[in-house]
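Listing of coords_13.cif; format and content: mmCIF, C-alpha atoms.
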data_run
loop_
_atom_site.label_atom_id
_atom_site.label_comp_id
_atom_site.auth_asym_id
_atom_site.auth_seq_id
_atom_site.Cartn_x
_atom_site.Cartn_y
_atom_site.Cartn_z
CA MET A 1 -50.29 24.29 17.67
CA THR A 2 -46.61 24.39 16.91
CA GLU A 3 -44.33 22.41 19.18
CA GLU A 4 -41.53 24.55 20.63
CA LYS A 5 -38.09 23.04 20.28
CA GLY A 6 -35.51 23.49 22.98
CA VAL A 7 -32.01 24.73 22.12
CA LEU A 8 -28.88 23.92 24.16
CA VAL A 9 -26.57 26.87 24.62
CA CYS A 10 -23.21 27.01 26.40
CA ARG A 11 -22.47 30.33 28.09
CA GLY A 12 -19.42 31.50 29.92
CA ILE A 13 -19.64 32.84 33.48
CA PRO A 14 -17.30 35.82 34.11
CA GLY A 15 -15.03 35.61 37.13
CA LEU A 16 -15.61 31.91 37.71
CA GLU A 17 -12.39 30.69 36.10
CA ALA A 18 -10.03 32.35 38.56
CA ALA A 19 -11.84 30.93 41.57
CA ALA A 20 -11.90 27.46 40.05
CA GLU A 21 -8.18 27.72 39.24
CA GLU A 22 -7.42 28.18 42.94
CA GLY A 23 -9.44 25.12 43.89
CA GLY A 24 -7.89 23.13 41.05
CA ALA A 25 -4.40 23.83 42.31
CA ARG A 26 -5.26 21.94 45.46
CA ARG A 27 -7.38 19.11 44.05
CA GLY A 28 -5.94 18.60 40.55
CA THR A 29 -7.88 19.38 37.34
CA PRO A 30 -11.23 20.97 38.33
CA SER A 31 -14.35 19.12 37.23
CA TRP A 32 -15.72 22.22 35.42
CA ARG A 33 -12.95 21.82 32.83
CA ARG A 34 -14.27 18.37 31.96
CA SER A 35 -17.90 19.48 31.48
CA ARG A 36 -20.02 22.14 29.76
CA LEU A 37 -22.91 24.08 31.20
CA CYS A 38 -26.03 23.30 29.17
CA LEU A 39 -28.89 25.82 29.42
CA ARG A 40 -32.26 25.87 27.71
CA GLY A 41 -33.02 28.99 25.75
CA GLY A 42 -35.17 30.23 22.95
CA ASN A 43 -32.41 31.66 20.73
CA PRO A 44 -29.59 29.57 19.25
CA GLY A 45 -26.97 32.16 20.03
CA GLY A 46 -24.75 32.68 23.03
CA GLY A 47 -21.13 32.70 23.85
CA GLY A 48 -19.09 29.55 24.04
CA GLY A 49 -16.58 28.59 26.65
CA PHE A 50 -16.41 26.29 29.61
CA GLY A 51 -19.02 26.59 32.31
CA GLY A 52 -18.43 25.89 35.98
CA PHE A 53 -22.02 26.34 37.12
CA ALA A 54 -22.74 22.61 36.60
CA SER A 55 -19.99 21.57 39.02
CA LEU A 56 -21.18 24.15 41.53
CA SER A 57 -24.71 22.83 41.24
CA VAL A 58 -23.51 19.26 41.83
CA ALA A 59 -21.58 20.35 44.88
CA GLU A 60 -24.61 22.19 46.21
CA LYS A 61 -26.84 19.16 45.66
CA GLY A 62 -24.28 16.91 47.29
CA GLU A 63 -24.21 19.16 50.32
CA GLN A 64 -28.02 19.10 50.44
CA ARG A 65 -27.99 15.29 50.28
CA ARG A 66 -25.44 15.13 53.09
CA ARG A 67 -27.54 17.53 55.18
CA ARG A 68 -30.66 15.46 54.59
CA GLY A 69 -28.68 12.31 55.40
CA ARG A 70 -27.59 13.73 58.75
CA GLU A 71 -31.17 14.73 59.57
CA CYS A 72 -32.45 11.24 58.68
CA GLU A 73 -29.81 9.26 60.58
CA PRO A 74 -31.32 6.56 62.80
CA THR A 75 -31.45 7.03 66.56
CA ALA A 76 -29.73 4.73 69.06
CA GLY A 77 -33.08 3.17 69.92
CA GLN A 78 -33.76 2.35 66.26
CA LEU A 79 -30.32 0.79 65.89
CA LEU A 80 -30.91 -1.38 68.96
CA LYS A 81 -34.15 -2.64 67.43
CA ARG A 82 -32.41 -3.31 64.10
CA PRO A 83 -28.78 -4.15 64.95
CA LEU A 84 -28.00 -5.30 61.42
CA ALA A 85 -28.15 -1.66 60.29
CA THR A 86 -25.03 -0.87 62.36
CA VAL A 87 -22.97 -2.84 59.82
CA ALA A 88 -23.40 0.11 57.43
CA TYR A 89 -21.30 2.26 59.81
CA VAL A 90 -18.27 -0.05 59.48
CA PRO A 91 -15.61 1.68 57.31
CA ARG A 92 -15.17 0.07 53.90
CA ASP A 93 -11.50 -0.85 54.42
CA VAL A 94 -12.31 -2.48 57.77
CA ALA A 95 -15.15 -4.42 56.17
CA LEU A 96 -12.84 -5.67 53.42
CA PHE A 97 -10.23 -6.70 55.99
CA ILE A 98 -12.81 -8.61 58.05
CA ALA A 99 -14.16 -10.28 54.91
CA GLY A 100 -10.63 -11.35 53.95
CA ALA A 101 -9.99 -12.71 57.44
CA ILE A 102 -13.22 -14.72 57.38
CA ALA A 103 -12.39 -16.08 53.93
CA GLY A 104 -8.89 -17.00 55.11
CA ALA A 105 -10.19 -18.75 58.22
CA ALA A 106 -12.71 -20.69 56.14
CA ALA A 107 -10.05 -21.75 53.64
CA LYS A 108 -7.68 -22.86 56.41
CA THR A 109 -10.42 -24.82 58.15
CA VAL A 110 -11.54 -26.57 54.98
CA THR A 111 -7.97 -27.59 54.11
CA ALA A 112 -6.90 -28.40 57.71
CA PRO A 113 -7.16 -32.21 57.25
CA LEU A 114 -4.87 -32.09 54.20
CA ASP A 115 -2.45 -29.82 56.04
CA ARG A 116 -2.24 -32.18 59.02
CA ILE A 117 -1.63 -35.17 56.72
CA LYS A 118 1.14 -33.18 55.04
CA LEU A 119 2.77 -32.37 58.39
CA LEU A 120 2.71 -36.03 59.48
CA MET A 121 4.31 -37.10 56.19
CA GLN A 122 6.96 -34.36 56.36
CA THR A 123 8.06 -35.08 59.93
CA HIS A 124 7.64 -38.88 60.05
CA GLY A 125 11.38 -39.60 59.80
CA VAL A 126 12.23 -37.33 62.76
CA ARG A 127 9.34 -38.62 64.88
CA VAL A 128 10.01 -42.38 64.54
CA GLY A 129 13.73 -42.15 65.31
CA GLN A 130 16.91 -43.03 63.51
CA GLU A 131 16.44 -46.82 63.49
CA SER A 132 13.44 -46.65 61.17
CA ALA A 133 14.07 -43.23 59.66
CA LYS A 134 14.03 -44.54 56.10
CA LYS A 135 10.44 -45.70 56.51
CA ALA A 136 7.99 -43.13 55.14
CA ILE A 137 4.28 -42.77 55.69
CA GLY A 138 2.04 -42.60 52.63
CA PHE A 139 -0.94 -40.39 51.92
CA ALA A 140 -3.59 -43.09 52.27
CA GLU A 141 -1.82 -44.54 55.32
CA ALA A 142 -1.85 -41.16 57.08
CA ILE A 143 -5.58 -40.71 56.41
CA THR A 144 -6.36 -44.17 57.81
CA MET A 145 -4.08 -43.74 60.83
CA ILE A 146 -5.66 -40.44 61.92
CA GLY A 147 -9.20 -41.76 61.57
CA LYS A 148 -8.42 -45.00 63.41
CA GLU A 149 -6.44 -43.51 66.31
CA GLU A 150 -8.10 -40.11 66.85
CA GLY A 151 -11.46 -40.15 65.07
CA MET A 152 -12.95 -37.37 62.96
CA LYS A 153 -11.70 -34.58 65.27
CA GLY A 154 -8.14 -35.72 64.68
CA TYR A 155 -8.16 -34.31 61.14
CA TRP A 156 -8.51 -30.80 62.59
CA LYS A 157 -5.98 -31.23 65.38
CA GLY A 158 -3.80 -28.13 65.65
CA ASN A 159 -5.99 -25.99 63.41
CA LEU A 160 -6.73 -23.33 66.07
CA PRO A 161 -3.30 -21.61 66.04
CA GLN A 162 -3.33 -21.16 62.26
CA VAL A 163 -6.86 -19.71 62.35
CA ILE A 164 -5.85 -17.31 65.14
CA ARG A 165 -2.74 -16.41 63.14
CA ILE A 166 -4.72 -15.12 60.15
CA ILE A 167 -5.79 -11.77 61.65
CA PRO A 168 -2.40 -10.59 63.02
CA TYR A 169 -0.59 -11.97 59.95
CA SER A 170 -2.91 -10.12 57.54
CA ALA A 171 -2.83 -6.91 59.59
CA VAL A 172 0.97 -6.83 59.84
CA GLN A 173 1.34 -7.74 56.17
CA LEU A 174 -1.07 -4.98 55.11
CA PHE A 175 0.63 -2.18 57.05
CA ALA A 176 4.13 -3.50 56.30
CA TYR A 177 3.36 -3.66 52.58
CA GLU A 178 2.22 -0.02 52.54
CA PHE A 179 5.40 0.97 54.41
CA TYR A 180 7.71 -0.94 52.06
CA LYS A 181 5.89 0.39 48.99
CA LYS A 182 6.79 3.93 50.07
CA LEU A 183 10.34 2.79 50.82
CA PHE A 184 10.90 1.19 47.39
CA LYS A 185 9.25 3.91 45.29
CA GLY A 186 11.44 5.37 42.56
CA LYS A 187 12.42 9.01 42.14
CA ASP A 188 9.34 9.57 40.00
CA GLY A 189 7.12 8.34 42.83
CA GLU A 190 6.11 5.20 40.92
CA LEU A 191 6.57 1.62 42.15
CA SER A 192 8.28 -0.64 39.60
CA VAL A 193 7.64 -4.37 39.19
CA VAL A 194 10.88 -5.15 41.04
CA GLY A 195 9.95 -2.68 43.77
CA ARG A 196 6.53 -4.29 44.12
CA LEU A 197 8.13 -7.75 44.42
CA MET A 198 10.60 -6.48 47.03
CA ALA A 199 7.83 -4.78 48.99
CA GLY A 200 5.75 -7.97 48.93
CA ALA A 201 8.69 -10.13 50.00
CA CYS A 202 9.66 -7.80 52.86
CA ALA A 203 6.05 -7.55 54.04
CA GLY A 204 5.79 -11.34 53.97
CA MET A 205 8.98 -11.74 55.99
CA THR A 206 7.85 -9.14 58.54
CA SER A 207 4.45 -10.77 59.09
CA THR A 208 6.04 -14.24 59.22
CA PHE A 209 8.51 -13.13 61.89
CA VAL A 210 5.81 -11.50 64.05
CA THR A 211 3.42 -14.49 63.93
CA TYR A 212 5.97 -17.33 63.70
CA PRO A 213 5.41 -18.69 67.25
CA LEU A 214 1.83 -19.56 66.28
CA ASP A 215 3.16 -21.51 63.29
CA VAL A 216 5.46 -23.55 65.57
CA LEU A 217 2.57 -24.20 67.95
CA ARG A 218 0.46 -25.38 65.02
CA LEU A 219 3.07 -28.02 64.10
CA ARG A 220 3.62 -29.20 67.68
CA LEU A 221 -0.12 -29.64 68.25
CA ALA A 222 -0.54 -31.46 64.93
CA VAL A 223 2.26 -34.03 65.22
CA GLU A 224 2.85 -34.64 68.92
CA PRO A 225 0.96 -37.59 70.47
CA GLY A 226 -1.80 -37.05 73.01
CA ARG A 227 -4.29 -34.24 73.20
CA ARG A 228 -3.09 -31.02 74.82
CA THR A 229 -4.35 -27.47 74.54
CA MET A 230 -2.43 -24.69 72.84
CA SER A 231 -1.61 -23.01 76.17
CA GLN A 232 -0.30 -26.29 77.62
CA VAL A 233 2.02 -26.84 74.66
CA ALA A 234 3.24 -23.23 74.79
CA LEU A 235 4.02 -23.38 78.51
CA SER A 236 5.78 -26.73 78.07
CA MET A 237 7.96 -25.32 75.26
CA LEU A 238 8.81 -22.22 77.29
CA LYS A 239 9.72 -24.27 80.36
CA GLU A 240 11.67 -27.10 78.70
CA GLU A 241 13.20 -25.47 75.59
CA GLY A 242 13.19 -21.75 76.27
CA LEU A 243 11.92 -18.80 74.26
CA ALA A 244 14.13 -19.66 71.27
CA SER A 245 12.05 -22.79 70.61
CA PHE A 246 9.24 -20.58 69.28
CA TYR A 247 11.53 -19.49 66.44
CA LYS A 248 13.00 -22.83 65.39
CA GLY A 249 13.13 -23.10 61.61
CA LEU A 250 12.68 -19.35 61.09
CA GLY A 251 15.67 -19.24 58.70
CA PRO A 252 14.22 -21.46 55.94
CA ALA A 253 10.81 -19.83 56.48
CA LEU A 254 12.21 -16.38 55.66
CA ILE A 255 14.50 -17.64 52.88
CA GLY A 256 11.58 -19.30 51.09
CA ILE A 257 9.31 -16.24 50.97
CA ALA A 258 11.13 -14.14 48.35
CA PRO A 259 11.58 -16.90 45.72
CA TYR A 260 8.02 -18.13 46.27
CA ILE A 261 6.55 -14.67 45.65
CA ALA A 262 8.84 -14.09 42.66
CA VAL A 263 8.05 -17.45 40.99
CA ASN A 264 4.33 -17.14 41.75
CA PHE A 265 4.11 -13.59 40.41
CA CYS A 266 6.15 -14.27 37.26
CA MET A 267 4.39 -17.54 36.42
CA PHE A 268 0.96 -15.97 36.96
CA ASP A 269 1.87 -13.15 34.58
CA LEU A 270 3.42 -15.45 31.95
CA ILE A 271 0.57 -17.99 32.00
CA LYS A 272 -2.12 -15.30 31.82
CA LYS A 273 -0.42 -13.52 28.92
CA ALA A 274 -0.10 -16.85 27.06
CA LEU A 275 -3.91 -17.28 27.11
CA PRO A 276 -6.05 -15.99 24.22
CA GLU A 277 -7.13 -12.41 24.79
CA GLU A 278 -10.83 -13.27 25.13
CA TYR A 279 -10.02 -15.61 28.07
CA GLN A 280 -7.59 -13.37 29.97
CA LYS A 281 -10.27 -11.37 31.84
CA ARG A 282 -12.51 -14.32 32.70
CA THR A 283 -12.75 -15.37 36.36
CA GLU A 284 -12.30 -19.06 35.52
CA ALA A 285 -9.05 -18.32 33.68
CA SER A 286 -7.76 -16.28 36.63
CA LEU A 287 -8.52 -19.09 39.10
CA VAL A 288 -6.80 -21.74 36.94
CA THR A 289 -3.83 -19.43 36.38
CA ALA A 290 -3.55 -18.76 40.12
CA LEU A 291 -3.69 -22.50 40.82
CA LEU A 292 -0.96 -23.35 38.29
CA SER A 293 1.35 -20.51 39.34
CA ALA A 294 0.95 -21.37 43.04
CA SER A 295 1.65 -25.07 42.34
CA LEU A 296 4.82 -24.28 40.37
CA ALA A 297 6.01 -21.86 43.07
CA THR A 298 5.31 -24.49 45.75
CA LEU A 299 7.20 -27.16 43.79
CA THR A 300 10.22 -24.84 43.58
CA CYS A 301 10.27 -23.86 47.28
CA TYR A 302 8.82 -26.99 48.91
CA PRO A 303 12.18 -28.42 50.13
CA LEU A 304 12.60 -25.34 52.35
CA ASP A 305 9.16 -25.99 53.84
CA THR A 306 10.13 -29.59 54.67
CA ILE A 307 13.36 -28.39 56.30
CA ARG A 308 11.45 -25.79 58.31
CA ARG A 309 8.92 -28.32 59.59
CA GLN A 310 11.57 -30.81 60.66
CA MET A 311 13.57 -28.07 62.41
CA GLN A 312 10.43 -27.05 64.37
CA MET A 313 10.19 -30.50 65.96
CA LYS A 314 11.23 -31.07 69.55
CA GLY A 315 14.69 -32.69 69.60
CA ALA A 316 15.27 -32.09 65.88
CA PRO A 317 18.78 -33.14 64.80
CA TYR A 318 19.22 -30.05 62.60
CA LYS A 319 20.21 -26.58 63.73
CA THR A 320 20.60 -24.80 60.39
CA VAL A 321 19.51 -25.18 56.76
CA LEU A 322 23.03 -26.30 55.86
CA ASP A 323 22.70 -29.17 58.34
CA ALA A 324 19.19 -30.16 57.37
CA PHE A 325 19.51 -30.19 53.60
CA PRO A 326 22.23 -32.84 53.30
CA GLY A 327 20.92 -34.68 56.36
CA ILE A 328 17.47 -35.27 54.85
CA ILE A 329 18.94 -36.31 51.50
CA GLU A 330 21.33 -38.75 53.19
CA ARG A 331 18.54 -40.33 55.24
CA ASP A 332 15.58 -40.28 52.82
CA GLY A 333 17.03 -39.35 49.45
CA VAL A 334 15.93 -36.37 47.34
CA ILE A 335 12.33 -37.61 47.57
CA GLY A 336 12.51 -36.93 51.31
CA LEU A 337 12.49 -33.20 50.57
CA TYR A 338 9.11 -33.61 48.88
CA ARG A 339 7.27 -35.72 51.47
CA GLY A 340 3.68 -34.53 51.75
CA PHE A 341 3.69 -32.66 48.44
CA LEU A 342 0.48 -34.35 47.23
CA PRO A 343 -1.80 -33.18 50.10
CA ASN A 344 -0.10 -29.79 49.91
CA ALA A 345 -0.94 -29.53 46.20
CA LEU A 346 -4.55 -30.58 46.86
CA LYS A 347 -5.02 -27.84 49.45
CA THR A 348 -3.63 -25.21 47.07
CA LEU A 349 -6.96 -24.74 45.24
CA PRO A 350 -8.98 -23.12 48.07
CA ASN A 351 -5.98 -21.06 49.17
CA SER A 352 -5.36 -19.93 45.57
CA SER A 353 -9.03 -19.01 45.31
CA GLU A 354 -8.62 -16.92 48.47
CA LYS A 355 -5.56 -15.15 47.00
CA GLU A 356 -7.43 -14.52 43.75
CA LEU A 357 -10.35 -13.08 45.76
CA GLU A 358 -7.92 -10.75 47.53
CA ARG A 359 -6.43 -9.76 44.14
CA ILE A 360 -9.89 -8.96 42.71
CA MET A 361 -10.83 -7.00 45.84
CA GLU A 362 -7.63 -4.96 45.59
CA GLU A 363 -8.27 -4.20 41.90
CA ASN A 364 -11.85 -3.12 42.67
CA SER A 365 -10.59 -0.94 45.52
CA GLN A 366 -8.09 0.77 43.22
CA LYS A 367 -10.78 1.36 40.58
CA GLN A 368 -13.15 2.89 43.13
CA ASN A 369 -10.41 5.09 44.58
CA GLY A 370 -9.56 6.24 41.06
CA ALA A 371 -13.21 6.98 40.30
CA ALA A 372 -13.56 8.88 43.57
CA ALA A 373 -10.50 10.98 42.73
CA ASP A 374 -12.07 12.00 39.39
CA ILE A 375 -15.28 13.32 40.99
#

Could you write out this file's structure as structure tokens?
Amino acid sequence: MTEEKGVLVCRGIPGLEAAAEEGGARRGTPSWRRSRLCLRGGNPGGGGGFGGFASLSVAEKGEQRRRRGRECEPTAGQLLKRPLATVAYVPRDVALFIAGAIAGAAAKTVTAPLDRIKLLMQTHGVRVGQESAKKAIGFAEAITMIGKEEGMKGYWKGNLPQVIRIIPYSAVQLFAYEFYKKLFKGKDGELSVVGRLMAGACAGMTSTFVTYPLDVLRLRLAVEPGRRTMSQVALSMLKEEGLASFYKGLGPALIGIAPYIAVNFCMFDLIKKALPEEYQKRTEASLVTALLSASLATLTCYPLDTIRRQMQMKGAPYKTVLDAFPGIIERDGVIGLYRGFLPNALKTLPNSSEKELERIMEENSQKQNGAAADI
């Protein structure tokens, strides 16, 4: 018995091209132009040309799958019995946003003790008064003092406002960044590197301005003596210092965003390009690069953070950056601008990991959107 061999033949379908052209004008290059129709026949002949039947068949099967999916959707009773299944109905972008918020809250909570130590070191001169302003508090001394006076809970004092701040900050930053990207696009519709930096800086400043009162509350709760709730501190500030107290130190906070993003972005790019090619795409290399670039950016902009924190204090002697900069140097020397840099550098690793996670998620999202556009 002779085995029959199959032959693949590509045949043209009359009248299909014009219809596909109309669809392609709306959706870009039609998929039938990127594929051939393969049919099984007994004779090796047949006309050549592009076939669109394959793309039509895929569309028909896709519609059948969607119809079957709608028929097989679970009922409300089934979802109540298995509530975990409802997670599948959450839109992908919302799920990514929630995942980012959870990761951010976890990172902030893990590094909260280091952040509180940093705040105590930064503001010690203002808190103790002018007579002993030259006396600084060290890293080990701050750790011991918190544990001795307030116990284990003291290391997380004031962490609630910064955890609450994550969701509105991320939401405002996300929508603001999309808005500024459209604003800074060139005539060709593309976003340049400079445009991307400007969009990121403006989005950062917008989200900082909207959520800044929570940042001030975080400092007040962390450094003021006693144990008060967030609402008690907020009402006390509003009553004694007025609404403007919630925006003390906003100037250096906004000024520091653009150079920080620029230095971080440029250093990340330079360090990654300096690595051997086989290491550039490895996750470990990306994490180390993110850590180094964030540390260098922090070192450059840290004096503005110290000025901001001291201006946020109740009864701070500084009103503007021009007052605070020479005032801190005169009282504590140049080293006074870098008080608390060590705990700040130590907490950079989890936060850099969070930023790198967000970067990877954004890259994956772009790849999936690009793949979806090609289908």

For segment 216-229 of chain A: contacts at 10 Å, all atoms listed in the file, fewer than 5 positions along chain excluded, given as an MDAnalysis selection string:
chainID A and resid 115:117 119:121 123:124 127 150 154:163 165 211 234 237 245:250 308:314

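From atom CA of Tyr177 of chain A back to atom CA of Phe265 of chain A, the distance works out to 15.7 Å.
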
Would you list the contacts of segment 193-204 of chain A as a ChimeraX atom specification, taking every protein, DNA or RNA residue within 9 Å and counting all atoms listed in the file, but skipping same-chain residues closer than 4 positions in sequence?
/A:169,172-186,208-209,254,257-262,265

Select all residues near (6.6, -42.6, 52.9) (cut-off 12 Å, inclusive, file coordinates), counting only C-alpha atoms, and output them as an MDAnalysis selection string.
chainID A and resid 117:118 120:125 132:142 332:333 335:342

Tell me which protein, DNA and RNA residues are within 12 Å of Ala76 of chain A, counting only C-alpha atoms, leaving out same-chain ones fewer than 5 positions away, and put them as a PyMOL selection string.
chain A and resi 81-83+85-86

Hits from the PyMOL selection byres ((chain A and resi 320-323) around 9), listed as a PyMOL selection string:
chain A and resi 249+251-252+304+307-308+311+317-319+324-328

File dump, residues just selected, C-alpha atoms, as an mmCIF file, in the coordinates of the input:
data_model
loop_
_atom_site.group_PDB
_atom_site.id
_atom_site.type_symbol
_atom_site.label_atom_id
_atom_site.label_comp_id
_atom_site.auth_asym_id
_atom_site.auth_seq_id
_atom_site.Cartn_x
_atom_site.Cartn_y
_atom_site.Cartn_z
ATOM 1 C CA GLY A 249 13.130 -23.100 61.610
ATOM 2 C CA GLY A 251 15.670 -19.240 58.700
ATOM 3 C CA PRO A 252 14.220 -21.460 55.940
ATOM 4 C CA LEU A 304 12.600 -25.340 52.350
ATOM 5 C CA ILE A 307 13.360 -28.390 56.300
ATOM 6 C CA ARG A 308 11.450 -25.790 58.310
ATOM 7 C CA MET A 311 13.570 -28.070 62.410
ATOM 8 C CA PRO A 317 18.780 -33.140 64.800
ATOM 9 C CA TYR A 318 19.220 -30.050 62.600
ATOM 10 C CA LYS A 319 20.210 -26.580 63.730
ATOM 11 C CA ALA A 324 19.190 -30.160 57.370
ATOM 12 C CA PHE A 325 19.510 -30.190 53.600
ATOM 13 C CA PRO A 326 22.230 -32.840 53.300
ATOM 14 C CA GLY A 327 20.920 -34.680 56.360
ATOM 15 C CA ILE A 328 17.470 -35.270 54.850
#

Straight-line distance linking atom CA of Thr109 of chain A with atom CA of Lys347 of chain A, stated in Å to one decimal:
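Straight-line distance from atom CA of Thr109 of chain A to atom CA of Lys347 of chain A works out to 10.7 Å.
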
One-decimal distance in Å that lies between atom CA of Ile271 of chain A and atom CA of Thr289 of chain A:
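A separation of 6.4 Å between them.
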
Could you write out as lines of an AutoDock Vina configuration file the box around segment 262-273 of chain A (axis-aligned, all atoms listed in the file, 6 Å on each side), with centre and edge lengths in Å to one decimal?
center_x = 3.4
center_y = -15.6
center_z = 35.8
size_x = 23.0
size_y = 16.8
size_z = 25.7

Among the residues A:Ser286, A:Gln232, A:Asn344, A:Thr111, the one that comes closest to Lys272 of chain A [using all atoms listed in the file]:
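Under the stated criterion, the closest residue is A:Ser286.
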
For this structure, which residues satisfy the selection - the PyMOL selection byres ((chain A and resi 104) around 9) - when it is evaluated on the file as given? I want them as a list in words.
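So the PyMOL selection byres ((chain A and resi 104) around 9), applied here, picks out Ala99, Gly100, Ala101, Ile102, Ala103, Ala105, Ala106, Ala107, Lys108, Thr109, Val163, Ile166, Ile167, Asn351, Glu354 and Lys355 of chain A.
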
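The residue that comes closest to Pro343 of chain A, out of A:Asn264, A:Thr300, A:Ser295, A:Ser236 and on the basis of all atoms listed in the file, is A:Ser295.
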